[in-house]
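Asks: Dropping in work01.txt, which is compact mmCIF, C-alpha atoms:
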# COMPACT_ATOMS: atom_id res chain seq x y z
CA MET A 1 -0.10 -32.55 -1.21
CA GLN A 2 -2.87 -32.80 -3.76
CA GLY A 3 -3.41 -33.87 -7.35
CA LYS A 4 -2.81 -31.77 -10.42
CA ASN A 5 -4.60 -28.45 -10.41
CA ILE A 6 -6.58 -28.49 -13.66
CA PHE A 7 -7.39 -24.79 -13.35
CA ALA A 8 -3.69 -23.97 -13.58
CA THR A 9 -3.47 -25.54 -17.05
CA ARG A 10 -3.83 -23.55 -20.26
CA TRP A 11 -7.42 -24.69 -20.76
CA GLY A 12 -8.13 -24.08 -17.10
CA ILE A 13 -7.19 -20.42 -17.23
CA ILE A 14 -9.00 -19.96 -20.56
CA GLY A 15 -12.10 -21.47 -18.97
CA VAL A 16 -11.90 -19.13 -15.99
CA GLY A 17 -11.45 -16.12 -18.30
CA ALA A 18 -14.53 -17.29 -20.20
CA VAL A 19 -16.63 -17.59 -17.03
CA ILE A 20 -15.68 -14.06 -15.95
CA GLY A 21 -16.25 -12.83 -19.51
CA ILE A 22 -19.80 -14.20 -19.47
CA LEU A 23 -20.69 -13.29 -15.88
CA ALA A 24 -19.60 -9.63 -16.07
CA PRO A 25 -21.89 -8.58 -18.96
CA ALA A 26 -24.62 -10.73 -17.39
CA LEU A 27 -24.29 -8.76 -14.15
CA GLN A 28 -24.58 -5.59 -16.22
CA LYS A 29 -27.80 -6.97 -17.71
CA LEU A 30 -29.00 -7.66 -14.17
CA GLY A 31 -28.42 -4.05 -13.13
CA ASN A 32 -24.72 -3.22 -12.80
CA PRO A 33 -23.49 -0.04 -14.56
CA GLY A 34 -22.57 0.08 -18.26
CA ASN A 35 -19.36 -1.74 -19.18
CA MET A 36 -18.94 -2.19 -15.43
CA GLY A 37 -20.34 -5.65 -14.85
CA ILE A 38 -17.28 -6.09 -12.70
CA CYS A 39 -14.69 -3.44 -11.94
CA VAL A 40 -12.52 -4.08 -8.92
CA ALA A 41 -11.33 -0.47 -8.64
CA CYS A 42 -14.78 1.07 -9.21
CA PHE A 43 -16.43 -1.35 -6.80
CA GLU A 44 -13.87 -0.75 -4.04
CA ARG A 45 -14.42 2.98 -4.66
CA ASP A 46 -18.16 2.40 -4.23
CA ILE A 47 -17.44 0.56 -0.98
CA ALA A 48 -15.36 3.53 0.22
CA GLY A 49 -18.37 5.67 -0.64
CA ALA A 50 -20.84 3.41 1.14
CA LEU A 51 -18.71 3.80 4.27
CA GLY A 52 -18.58 7.56 3.86
CA PHE A 53 -14.81 7.71 3.24
CA HIS A 54 -15.76 10.03 0.39
CA ARG A 55 -19.03 11.83 -0.24
CA ALA A 56 -19.32 11.58 -4.01
CA ALA A 57 -23.07 10.88 -3.92
CA VAL A 58 -23.16 8.99 -7.22
CA VAL A 59 -20.65 6.28 -6.26
CA GLN A 60 -21.74 4.88 -2.90
CA TYR A 61 -22.72 1.24 -2.66
CA MET A 62 -21.44 -1.75 -0.70
CA ARG A 63 -20.59 -3.99 -3.65
CA PRO A 64 -21.20 -7.66 -2.77
CA GLU A 65 -19.03 -8.82 -5.69
CA ILE A 66 -15.88 -7.67 -3.87
CA ILE A 67 -16.98 -9.38 -0.66
CA GLY A 68 -17.65 -12.55 -2.68
CA PHE A 69 -14.21 -12.44 -4.31
CA VAL A 70 -12.44 -12.62 -0.96
CA LEU A 71 -14.79 -15.21 0.56
CA GLY A 72 -14.80 -17.40 -2.56
CA SER A 73 -11.04 -17.40 -2.69
CA MET A 74 -10.82 -18.33 0.97
CA ILE A 75 -13.25 -21.23 0.51
CA ALA A 76 -11.16 -22.57 -2.39
CA ALA A 77 -7.93 -22.07 -0.45
CA TYR A 78 -9.29 -24.08 2.50
CA ILE A 79 -10.76 -26.87 0.35
CA PHE A 80 -7.49 -27.33 -1.53
CA LYS A 81 -5.27 -26.84 1.53
CA GLU A 82 -3.69 -23.67 0.20
CA PHE A 83 -4.66 -21.29 2.99
CA GLN A 84 -1.35 -19.92 4.23
CA PRO A 85 -1.36 -16.99 6.64
CA ARG A 86 1.64 -14.81 5.72
CA VAL A 87 2.59 -11.17 6.09
CA GLY A 88 5.51 -8.81 6.40
CA SER A 89 6.69 -8.07 2.88
CA ALA A 90 6.85 -4.26 2.88
CA PRO A 91 3.18 -3.74 3.86
CA ILE A 92 3.39 0.07 4.03
CA VAL A 93 4.80 0.22 0.50
CA ARG A 94 1.96 -1.99 -0.69
CA PHE A 95 -0.53 0.33 1.00
CA VAL A 96 0.83 3.36 -0.85
CA LEU A 97 0.99 1.43 -4.14
CA GLY A 98 -2.64 0.43 -3.60
CA ALA A 99 -3.67 4.03 -3.04
CA PHE A 100 -1.92 5.31 -6.17
CA ALA A 101 -3.12 2.33 -8.24
CA MET A 102 -6.65 3.38 -7.31
CA ILE A 103 -6.00 7.02 -8.15
CA GLY A 104 -4.56 6.06 -11.56
CA ALA A 105 -7.47 3.72 -12.24
CA LEU A 106 -9.98 6.44 -11.34
CA VAL A 107 -8.33 8.90 -13.74
CA PHE A 108 -8.99 6.35 -16.50
CA LEU A 109 -12.25 5.19 -14.86
CA GLY A 110 -11.61 1.50 -14.43
CA CYS A 111 -9.22 -1.22 -13.40
CA PRO A 112 -7.70 -3.66 -15.93
CA TRP A 113 -10.84 -5.81 -15.65
CA ARG A 114 -13.06 -2.90 -16.61
CA ALA A 115 -10.60 -1.79 -19.30
CA VAL A 116 -11.19 -5.03 -21.18
CA LEU A 117 -14.92 -5.02 -20.37
CA ARG A 118 -15.11 -1.50 -21.82
CA LEU A 119 -13.29 -2.73 -24.91
CA ALA A 120 -15.65 -5.70 -25.16
CA GLY A 121 -18.57 -3.26 -24.95
CA GLY A 122 -17.21 -1.20 -27.85
CA ASP A 123 -15.61 1.66 -25.89
CA GLY A 124 -12.60 2.76 -27.97
CA ASN A 125 -11.17 4.80 -25.10
CA ALA A 126 -10.31 1.50 -23.45
CA ILE A 127 -7.61 1.01 -26.09
CA LEU A 128 -5.74 4.02 -24.68
CA GLY A 129 -6.19 2.66 -21.18
CA LEU A 130 -4.89 -0.78 -22.14
CA LEU A 131 -1.89 0.75 -23.93
CA GLY A 132 -1.17 2.83 -20.82
CA LEU A 133 -1.57 -0.25 -18.63
CA THR A 134 0.90 -2.17 -20.78
CA PHE A 135 3.35 0.74 -20.74
CA GLY A 136 3.15 1.00 -16.93
CA ILE A 137 3.68 -2.74 -16.52
CA TRP A 138 6.60 -2.58 -18.95
CA ILE A 139 8.26 0.07 -16.75
CA GLY A 140 7.61 -2.25 -13.81
CA THR A 141 9.38 -5.13 -15.57
CA LEU A 142 12.47 -2.94 -16.03
CA PHE A 143 12.60 -2.47 -12.26
CA LEU A 144 12.03 -6.20 -11.72
CA LYS A 145 14.91 -7.00 -14.08
CA ASN A 146 17.12 -4.68 -12.06
CA GLY A 147 16.44 -6.38 -8.78
CA TYR A 148 13.37 -4.53 -7.46
CA ASN A 149 11.58 -6.63 -4.86
CA LEU A 150 9.40 -6.26 -1.79
CA GLY A 151 11.31 -8.65 0.45
CA ARG A 152 10.15 -11.88 2.06
CA THR A 153 6.93 -12.62 3.87
CA GLN A 154 6.77 -14.60 7.09
CA THR A 155 4.38 -17.27 8.19
CA THR A 156 2.07 -15.92 10.85
CA HIS A 157 -1.03 -16.63 12.97
CA THR A 158 -4.12 -17.91 11.17
CA THR A 159 -5.98 -14.87 12.54
CA VAL A 160 -3.76 -12.53 10.49
CA GLY A 161 -4.72 -14.34 7.32
CA TRP A 162 -8.38 -14.02 8.24
CA ILE A 163 -8.51 -10.26 8.83
CA LEU A 164 -9.60 -9.04 5.38
CA THR A 165 -12.17 -11.84 5.16
CA LEU A 166 -13.54 -10.78 8.54
CA ILE A 167 -13.67 -7.15 7.40
CA MET A 168 -15.61 -8.27 4.32
CA LEU A 169 -17.98 -10.33 6.46
CA GLY A 170 -18.42 -7.22 8.61
CA PHE A 171 -19.31 -5.18 5.50
CA LEU A 172 -21.83 -7.83 4.45
CA THR A 173 -23.36 -7.77 7.92
CA LEU A 174 -23.67 -3.97 7.78
CA MET A 175 -25.44 -4.32 4.46
CA LEU A 176 -27.92 -6.81 5.89
CA VAL A 177 -28.48 -4.77 9.06
CA PHE A 178 -28.84 -1.50 7.14
CA PRO A 179 -30.37 -2.47 3.79
CA GLN A 180 -31.02 0.02 1.03
CA VAL A 181 -34.23 2.02 1.44
CA GLU A 182 -35.90 3.09 -1.81
CA GLY A 183 -35.24 6.78 -2.52
CA GLN A 184 -33.03 7.35 0.55
CA ASP A 185 -29.35 8.20 0.28
CA ASN A 186 -28.45 6.45 3.50
CA SER A 187 -29.51 3.64 5.77
CA GLY A 188 -28.04 3.48 9.25
CA VAL A 189 -24.28 3.96 8.92
CA LEU A 190 -24.16 3.17 5.19
CA PHE A 191 -24.55 5.51 2.23
CA TYR A 192 -26.47 4.41 -0.86
CA SER A 193 -26.41 6.32 -4.16
CA ILE A 194 -29.84 7.21 -5.47
CA LYS A 195 -28.51 8.16 -8.89
CA GLY A 196 -25.39 7.53 -10.96
CA PRO A 197 -23.42 4.29 -11.23
CA GLY A 198 -23.65 3.69 -7.48
CA ALA A 199 -27.43 3.36 -7.85
CA MET A 200 -27.05 0.70 -10.53
CA HIS A 201 -26.58 -2.78 -9.21
CA ALA A 202 -27.65 -6.35 -9.62
CA HIS A 203 -29.58 -7.96 -6.76
CA LEU A 204 -27.39 -8.58 -3.71
CA LEU A 205 -27.81 -12.33 -4.03
CA PHE A 206 -26.78 -12.52 -7.71
CA ALA A 207 -23.82 -10.21 -7.10
CA LEU A 208 -22.67 -12.20 -4.09
CA ILE A 209 -23.01 -15.58 -5.81
CA ALA A 210 -21.16 -14.36 -8.92
CA GLY A 211 -18.44 -12.92 -6.67
CA LEU A 212 -18.11 -16.17 -4.72
CA GLY A 213 -17.87 -18.22 -7.92
CA ILE A 214 -15.30 -15.96 -9.50
CA GLY A 215 -13.30 -15.78 -6.26
CA PHE A 216 -13.23 -19.57 -6.09
CA LEU A 217 -12.16 -20.06 -9.71
CA ALA A 218 -9.65 -17.23 -9.68
CA GLN A 219 -7.96 -18.63 -6.59
CA ARG A 220 -7.58 -21.99 -8.30
CA SER A 221 -6.37 -20.58 -11.62
CA ARG A 222 -4.26 -17.66 -10.24
CA PHE A 223 -6.08 -15.40 -12.70
CA CYS A 224 -4.27 -12.04 -12.87
CA THR A 225 -4.70 -9.33 -15.49
CA MET A 226 -1.44 -7.56 -14.62
CA GLY A 227 0.48 -10.84 -14.54
CA ALA A 228 -0.95 -11.60 -17.98
CA ILE A 229 0.87 -8.64 -19.49
CA ARG A 230 3.90 -8.78 -17.18
CA ASP A 231 4.72 -12.44 -17.86
CA THR A 232 4.41 -11.89 -21.59
CA VAL A 233 6.76 -8.89 -21.52
CA LEU A 234 9.17 -10.30 -18.95
CA PHE A 235 9.39 -14.00 -19.81
CA GLY A 236 7.51 -14.42 -23.09
CA GLN A 237 5.05 -16.58 -21.07
CA THR A 238 1.51 -16.33 -22.38
CA HIS A 239 -0.20 -18.59 -19.82
CA LEU A 240 -2.04 -15.86 -17.89
CA LEU A 241 -2.49 -13.81 -21.08
CA SER A 242 -4.63 -16.57 -22.58
CA GLY A 243 -7.05 -16.17 -19.66
CA PHE A 244 -7.15 -12.40 -20.09
CA ILE A 245 -7.81 -12.71 -23.85
CA SER A 246 -10.47 -15.32 -23.20
CA LEU A 247 -12.18 -12.79 -20.89
CA VAL A 248 -12.28 -10.16 -23.68
CA VAL A 249 -13.53 -12.59 -26.32
CA PHE A 250 -16.30 -14.05 -24.17
CA ALA A 251 -17.34 -10.66 -22.82
CA PHE A 252 -17.55 -9.37 -26.40
CA LEU A 253 -19.69 -12.32 -27.50
CA THR A 254 -21.94 -12.02 -24.46
CA ASN A 255 -22.35 -8.29 -25.08
CA LEU A 256 -23.34 -9.02 -28.70
CA ILE A 257 -25.94 -11.53 -27.58
CA LEU A 258 -27.32 -9.21 -24.88
CA GLY A 259 -27.31 -6.19 -27.22
CA GLN A 260 -24.76 -4.35 -25.08
CA PHE A 261 -22.09 -3.83 -27.77
CA LYS A 262 -22.00 -0.19 -28.91
CA PRO A 263 -18.78 0.80 -30.70
CA GLY A 264 -17.42 4.36 -30.48
CA PHE A 265 -15.41 6.84 -28.44
CA ALA A 266 -17.85 9.57 -27.44
CA GLY A 267 -20.77 9.01 -25.10
CA GLN A 268 -19.57 5.67 -23.75
CA PRO A 269 -20.92 4.78 -20.29
CA PHE A 270 -18.85 6.20 -17.41
CA ALA A 271 -15.92 7.09 -19.64
CA HIS A 272 -14.22 10.20 -20.95
CA THR A 273 -12.34 10.84 -24.18
CA MET A 274 -9.18 12.57 -22.90
CA HIS A 275 -6.81 10.12 -24.55
CA ILE A 276 -3.59 11.27 -22.91
CA TRP A 277 -5.06 10.97 -19.42
CA ASN A 278 -6.74 7.66 -20.14
CA PHE A 279 -3.27 6.46 -21.12
CA ALA A 280 -1.39 8.13 -18.25
CA GLY A 281 -3.89 7.11 -15.55
CA MET A 282 -3.52 3.49 -16.51
CA THR A 283 0.25 3.84 -16.80
CA LEU A 284 0.28 4.80 -13.14
CA ALA A 285 -2.09 1.96 -12.23
CA GLY A 286 -0.12 -0.57 -14.28
CA LEU A 287 3.18 0.43 -12.72
CA ALA A 288 1.72 0.28 -9.20
CA PHE A 289 0.16 -3.16 -9.85
CA ALA A 290 3.44 -4.43 -11.31
CA LEU A 291 5.45 -3.19 -8.32
CA ALA A 292 2.89 -4.72 -5.95
CA GLY A 293 2.87 -8.05 -7.81
CA GLY A 294 -0.78 -8.33 -8.80
CA CYS A 295 -3.82 -6.71 -10.35
CA PRO A 296 -6.57 -5.51 -7.98
CA GLY A 297 -8.53 -8.72 -8.46
CA ARG A 298 -5.52 -10.89 -7.72
CA GLN A 299 -4.85 -8.87 -4.55
CA LEU A 300 -8.36 -9.79 -3.33
CA PHE A 301 -7.86 -13.46 -4.16
CA LEU A 302 -4.45 -13.51 -2.45
CA SER A 303 -6.02 -11.89 0.61
CA GLY A 304 -8.53 -14.74 0.73
CA GLU A 305 -5.62 -17.22 0.73
CA GLY A 306 -4.24 -15.57 3.85
CA ASP A 307 -1.84 -13.05 2.30
CA GLY A 308 -1.91 -10.16 4.76
CA ASP A 309 0.25 -7.97 2.51
CA ALA A 310 -2.22 -8.24 -0.36
CA ALA A 311 -4.92 -7.29 2.16
CA VAL A 312 -2.98 -4.13 2.99
CA PHE A 313 -2.88 -3.30 -0.73
CA VAL A 314 -6.68 -3.67 -0.85
CA LEU A 315 -7.10 -1.32 2.11
CA GLY A 316 -4.70 1.08 0.36
CA MET A 317 -6.97 1.04 -2.68
CA ILE A 318 -10.07 1.79 -0.57
CA VAL A 319 -8.29 4.67 1.17
CA GLY A 320 -6.95 5.84 -2.21
CA ALA A 321 -10.54 6.03 -3.45
CA GLY A 322 -11.31 8.32 -0.53
CA PHE A 323 -8.44 10.62 -1.52
CA ALA A 324 -9.42 10.41 -5.19
CA HIS A 325 -12.92 11.77 -4.59
CA ASN A 326 -12.20 14.10 -1.65
CA PHE A 327 -9.32 15.80 -3.50
CA GLY A 328 -10.97 15.96 -6.93
CA LEU A 329 -8.55 13.49 -8.50
CA ALA A 330 -11.08 11.10 -10.01
CA SER A 331 -12.36 11.67 -13.52
CA SER A 332 -15.99 11.90 -14.57
CA PRO A 333 -17.62 11.49 -17.99
CA ASN A 334 -16.76 15.20 -18.49
CA GLY A 335 -13.03 14.53 -18.22
CA VAL A 336 -10.31 14.52 -15.61
CA GLY A 337 -10.88 15.97 -12.14
CA PRO A 338 -9.39 19.36 -11.16
CA HIS A 339 -6.32 17.76 -9.57
CA GLY A 340 -6.24 14.45 -11.43
CA ILE A 341 -3.25 15.35 -13.60
CA ALA A 342 -1.17 16.47 -10.62
CA ALA A 343 -2.03 13.24 -8.80
CA VAL A 344 -0.89 11.11 -11.75
CA VAL A 345 2.44 12.95 -11.84
CA VAL A 346 2.95 12.60 -8.08
CA GLY A 347 1.94 8.93 -8.22
CA LEU A 348 4.39 8.17 -11.01
CA LEU A 349 7.19 9.89 -9.10
CA VAL A 350 6.39 7.89 -5.96
CA CYS A 351 6.36 4.62 -7.90
CA LEU A 352 9.64 5.47 -9.64
CA PHE A 353 11.20 6.32 -6.27
CA MET A 354 10.20 2.92 -4.91
CA GLY A 355 11.32 1.14 -8.05
CA PHE A 356 14.75 2.74 -7.99
CA THR A 357 15.42 2.41 -4.28
CA MET A 358 14.06 -1.05 -3.40
CA ARG A 359 16.65 -3.22 -5.12
CA ARG A 360 17.96 -6.71 -4.42
CA LYS A 361 19.20 -7.52 -0.92
CA ILE A 362 16.99 -10.57 -0.40
CA ALA A 363 18.09 -11.96 2.95
CA MET B 1 26.39 -30.47 -5.94
CA ALA B 2 23.12 -28.85 -6.93
CA ALA B 3 22.65 -25.09 -6.81
CA THR B 4 19.93 -23.90 -4.44
CA VAL B 5 17.50 -21.08 -5.11
CA ASP B 6 15.62 -20.09 -1.97
CA ALA B 7 12.51 -18.25 -3.12
CA ARG B 8 10.45 -18.89 -0.01
CA GLY B 9 8.39 -15.93 1.11
CA LEU B 10 8.92 -14.04 -2.12
CA SER B 11 5.93 -12.94 -4.14
CA CYS B 12 5.30 -13.07 -7.86
CA PRO B 13 7.35 -12.96 -10.07
CA GLN B 14 10.50 -13.20 -7.91
CA PRO B 15 10.68 -17.03 -7.72
CA VAL B 16 10.56 -17.29 -11.51
CA ILE B 17 13.09 -14.47 -12.03
CA MET B 18 15.52 -16.12 -9.60
CA THR B 19 15.06 -19.58 -11.14
CA LEU B 20 15.55 -18.33 -14.69
CA ALA B 21 18.65 -16.38 -13.63
CA GLU B 22 20.14 -19.56 -12.14
CA ILE B 23 19.24 -21.60 -15.25
CA LYS B 24 20.87 -18.98 -17.45
CA ASN B 25 23.94 -18.03 -15.43
CA GLY B 26 24.55 -20.85 -12.94
CA LYS B 27 27.25 -23.48 -13.47
CA GLU B 28 25.51 -26.43 -11.82
CA LYS B 29 23.50 -28.87 -13.94
CA GLU B 30 21.04 -29.47 -11.12
CA ILE B 31 19.05 -26.77 -9.38
CA VAL B 32 16.94 -27.05 -6.26
CA VAL B 33 14.27 -24.37 -5.93
CA LEU B 34 12.52 -23.85 -2.60
CA VAL B 35 9.13 -22.11 -2.70
CA ASP B 36 6.37 -21.68 -0.14
CA THR B 37 3.17 -21.48 -2.19
CA ALA B 38 1.45 -23.72 -4.71
CA THR B 39 1.29 -20.77 -7.09
CA SER B 40 5.08 -20.35 -7.02
CA LYS B 41 5.47 -24.11 -7.50
CA GLU B 42 3.32 -24.00 -10.63
CA ASN B 43 5.02 -20.87 -11.97
CA VAL B 44 8.56 -22.17 -11.44
CA THR B 45 7.68 -25.54 -12.98
CA ARG B 46 6.04 -23.90 -16.00
CA ALA B 47 8.93 -21.48 -16.54
CA SER B 48 11.61 -24.17 -16.22
CA THR B 49 9.93 -26.49 -18.70
CA SER B 50 9.67 -23.61 -21.17
CA GLN B 51 13.49 -23.25 -20.91
CA GLU B 52 13.93 -26.85 -22.04
CA CYS B 53 14.85 -27.92 -18.54
CA GLN B 54 13.46 -31.02 -16.90
CA VAL B 55 11.60 -30.86 -13.63
CA THR B 56 12.74 -34.15 -12.13
CA ASP B 57 10.95 -33.99 -8.79
CA VAL B 58 8.54 -31.87 -6.78
CA SER B 59 8.13 -32.77 -3.14
CA PRO B 60 6.58 -31.08 -0.13
CA GLU B 61 9.14 -29.59 2.21
CA GLY B 62 8.27 -27.79 5.40
CA GLU B 63 5.34 -25.54 4.58
CA GLY B 64 6.26 -25.38 0.91
CA TYR B 65 7.82 -27.34 -1.89
CA ARG B 66 11.20 -28.46 -3.12
CA ILE B 67 11.53 -28.48 -6.90
CA MET B 68 14.41 -30.32 -8.59
CA ILE B 69 15.39 -29.00 -12.02
CA LYS B 70 17.87 -30.56 -14.42
CA LYS B 71 19.49 -28.46 -17.14
CA GLU B 72 19.92 -30.09 -20.53
Could you write out this file's structure as C-alpha cells?

Replies:
Amino acid sequence: MQGKNIFATRWGIIGVGAVIGILAPALQKLGNPGNMGICVACFERDIAGALGFHRAAVVQYMRPEIIGFVLGSMIAAYIFKEFQPRVGSAPIVRFVLGAFAMIGALVFLGCPWRAVLRLAGGDGNAILGLLGLTFGIWIGTLFLKNGYNLGRTQTTHTTVGWILTLIMLGFLTLMLVFPQVEGQDNSGVLFYSIKGPGAMHAHLLFALIAGLGIGFLAQRSRFCTMGAIRDTVLFGQTHLLSGFISLVVFAFLTNLILGQFKPGFAGQPFAHTMHIWNFAGMTLAGLAFALAGGCPGRQLFLSGEGDGDAAVFVLGMIVGAGFAHNFGLASSPNGVGPHGIAAVVVGLLVCLFMGFTMRRKIA
Amino acid sequence: MAATVDARGLSCPQPVIMTLAEIKNGKEKEIVVLVDTATSKENVTRASTSQECQVTDVSPEGEGYRIMIKKE
C-alpha cells in the first residue's frame, strides 16, 4: 500500500519522543503552565472548563494543542492512506474508562505525558506517579493475559470517523468567534480563566501549530506512553519505551537550557506531595488506559485516524473532568480533593469489575 | 496447512497477544495473521521477528493486511 514507515522504526520513535520533549518545555516557555507544556488530561480538563462543564475558575481554557493533536493525526492518516472509519468495540465501556482515567489523573495532577514532563522539570512527586502508572498498567497486563478484550470494531461510514475532528473544529471555531477578552472570565459561550493554570497559555497559533505537528508525527510513529510500559511488561518489547524515554531525556535537556529545571518535592508547580495518592491516582489512570488500549494522547491520535471508539474515550475523559471538579475529586497543590480518595477506590473497583468480567469470546 | 489468526477489528495489543500465543502453542509451522490496520501490521511483524520467526510475506487483503509467518 505504501513504502516503509520510517517513523515506526526505533530511530523514528526516538525522534518523535525528542520532538515532543523539546516542544513541551518550549510551550511552557511561551506561556503554558509549569511542567505542563503539554498535558493531555489537564488540557482536556481545561476544555471541559472552557465549555462550562465544570466551574473551577482556575482551569478553564480551550486548549488548541488538543485540537491540533486530532487534526494533525487526521492529516497524516489521509496523506498516508491510513484513515479508517471504525467503531463498535465496547464504546460505553471506553467512555467509563475515559472518565475514571481522567479522575485518576486529576488526583495525581497529570497524565503520563505530564508525569514525565514533571520529572524532567525536577518534580520528585512524579516518581510516585510513574510508579503508580506502571503498577496500574501491570494490573492491566494480568487481565490481558487472562483474555480481557473489548471485542471487535466494525468498518463504518466515513462520517463516523470524522465526528471527533468535527467537534474539535467546532471548538476552534468557538474560540475564534468568542476570543479571550483581557481581564474577563468569559467571552460569549466560553469561559476563560483569569488566574491559575487556565490563565497560562502560549499564543493560540503556537499552540495549534505544535499540536498539529505532534499529532502528525504521533500518528505516524504510533507514539503511546501507556503502550511503552505495557509492551515492556507484557512482551519485553521496548520499541515504544524508547520513544517515551527519549521524551524524558530531551525534555530534561530543554528544561536545563531554558532554566526550567528545579529539583525537589515541595512547592513544585501544580503538584502536591501526598505520595500515596499520587501513586494511587496514577494506578487508577494506568489501569484504565491499559484496559482501553492507549494513553490519552494515543486516544486522540486514533480518533484522528477514524477510530470512533477512541473518540468515545476522549469524550469520557472530558465528562470525567466535569465530575472531577464538580464533585471535589480533583487534587490541588494543597492535596487531594474532599472526595478524591473515594473516587479512586470506586474507579479501581469499576476497572477490576470490567477486567474480570470481559474475558475472551472473540467472535 | 497454515494456522490462521484473525485479529481484524481488534485493538492493541490483542493482535500481538493472539499471534504470540499461536507461535508458542500452535502446531503449524506456518501462520497467517489477518489484521485491519497498519499499526497492527507493524506490531505483529515486530513481535514475530523478535520471536525468531520469519515474516515471509505481507500483502494487502480486503481493507487490511495478510501477514505470513514461518516458525523456525

Asks: Find the residues in chain A near chain B: any atom within 10 Å counts, using all atoms listed in the file. Write them as a PyMOL selection string.

Replies: chain A and resi 1+4-5+8-9+81-84+86-89+141+144-145+147-155+219-222+227+230-231+234-237+239+290-294+362-363

Asks: Taking C-alpha atoms for each residue, export the selection above as a compact mmCIF listing (two decimals), in the coordinates of the input.

Replies:
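Produced file selection.txt, reproduced below:
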# COMPACT_ATOMS: atom_id res chain seq x y z
CA MET A 1 -0.10 -32.55 -1.21
CA LYS A 4 -2.81 -31.77 -10.42
CA ASN A 5 -4.60 -28.45 -10.41
CA ALA A 8 -3.69 -23.97 -13.58
CA THR A 9 -3.47 -25.54 -17.05
CA LYS A 81 -5.27 -26.84 1.53
CA GLU A 82 -3.69 -23.67 0.20
CA PHE A 83 -4.66 -21.29 2.99
CA GLN A 84 -1.35 -19.92 4.23
CA ARG A 86 1.64 -14.81 5.72
CA VAL A 87 2.59 -11.17 6.09
CA GLY A 88 5.51 -8.81 6.40
CA SER A 89 6.69 -8.07 2.88
CA THR A 141 9.38 -5.13 -15.57
CA LEU A 144 12.03 -6.20 -11.72
CA LYS A 145 14.91 -7.00 -14.08
CA GLY A 147 16.44 -6.38 -8.78
CA TYR A 148 13.37 -4.53 -7.46
CA ASN A 149 11.58 -6.63 -4.86
CA LEU A 150 9.40 -6.26 -1.79
CA GLY A 151 11.31 -8.65 0.45
CA ARG A 152 10.15 -11.88 2.06
CA THR A 153 6.93 -12.62 3.87
CA GLN A 154 6.77 -14.60 7.09
CA THR A 155 4.38 -17.27 8.19
CA GLN A 219 -7.96 -18.63 -6.59
CA ARG A 220 -7.58 -21.99 -8.30
CA SER A 221 -6.37 -20.58 -11.62
CA ARG A 222 -4.26 -17.66 -10.24
CA GLY A 227 0.48 -10.84 -14.54
CA ARG A 230 3.90 -8.78 -17.18
CA ASP A 231 4.72 -12.44 -17.86
CA LEU A 234 9.17 -10.30 -18.95
CA PHE A 235 9.39 -14.00 -19.81
CA GLY A 236 7.51 -14.42 -23.09
CA GLN A 237 5.05 -16.58 -21.07
CA HIS A 239 -0.20 -18.59 -19.82
CA ALA A 290 3.44 -4.43 -11.31
CA LEU A 291 5.45 -3.19 -8.32
CA ALA A 292 2.89 -4.72 -5.95
CA GLY A 293 2.87 -8.05 -7.81
CA GLY A 294 -0.78 -8.33 -8.80
CA ILE A 362 16.99 -10.57 -0.40
CA ALA A 363 18.09 -11.96 2.95

Asks: Would you mind telling me which residue in A:Ala101, A:Ile214, A:Leu240, A:Ile92 lies nearest to Ile38 in chain A when using all atoms listed in the file?

Replies: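 The shortest atom-to-atom distance to Ile38 in chain A comes from A:Ile214.
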
Asks: Would you list the residues near (-32.6, -6.9, -2.1) (no more than 12 Å away, in the coordinates of the file, using all atoms listed in the file) as a VMD selection string?

Replies: chain A and resid 64 175 to 176 178 to 182 201 to 208

Asks: Determine, counting all atoms listed in the file, which protein, DNA and RNA residues have an atom within 12 Å of an atom of Gln54 in chain B; residues of the same chain fewer than 3 positions away are not included. Present the result as a VMD selection string.

Replies: chain B and resid 23 29 to 32 44 to 51 57 to 58 67 to 72

Asks: Is it possible to get the residues within 8 Å of (28.2, -25.2, -10.3) (coordinates as in the file, counting only C-alpha atoms) written as a PyMOL selection string?

Replies: chain B and resi 1-3+26-29

Asks: Can you list, as a PyMOL selection string, every protein, DNA or RNA residue that comes within 8 Å of Gly34 in chain A when you count all atoms listed in the file, leaving out same-chain residues fewer than 4 positions away?

Replies: chain A and resi 28+269-270

Asks: Write out as JSON, numbers by chain which residues come within 12 Å of Lys262 in chain A when counting all atoms listed in the file, dropping same-chain ones fewer than 6 positions away.

Replies: {"A": [34, 35, 118, 119, 120, 121, 122, 123, 124, 252, 255, 256, 268, 269]}

Asks: I'd like the neighbourhood of Asn125 in chain A as JSON, numbers by chain, where a residue qualifies if any of its atoms comes within 12 Å (using only C-alpha atoms), though same-chain residues fewer than 5 positions away should be ignored.

Replies: {"A": [108, 109, 110, 114, 115, 116, 117, 118, 119, 120, 130, 131, 132, 263, 264, 265, 266, 267, 268, 269, 270, 271, 272, 273, 274, 275, 276, 277, 278, 279, 282, 333]}

Asks: If we count only C-alpha atoms, what is near Gly286 in chain A at a cut-off of 6 Å, once residues fewer than 4 positions away on the same chain are taken out, given as a PDB file with C-alpha atoms, keeping the file's coordinate frame?

Replies:
ATOM      1  CA  LEU A 133      -1.570  -0.250 -18.630  1.00  0.00           C
ATOM      2  CA  GLY A 136       3.150   1.000 -16.930  1.00  0.00           C
ATOM      3  CA  ILE A 137       3.680  -2.740 -16.520  1.00  0.00           C
ATOM      4  CA  MET A 282      -3.520   3.490 -16.510  1.00  0.00           C
TER       5      MET A 282
END

Asks: To one decimal place, how far is CA of Leu106 in chain A from CA of Cys42 in chain A in Å?

Replies: 7.5 Å

Asks: Measure the distance from CA of Ile257 in chain A to CA of Asn32 in chain A in Å and round it to one decimal.

Replies: 17.0 Å

Asks: Tell me, in Å to one decimal, how far CA of Lys195 in chain A is from CA of Asp46 in chain A.

Replies: 12.7 Å
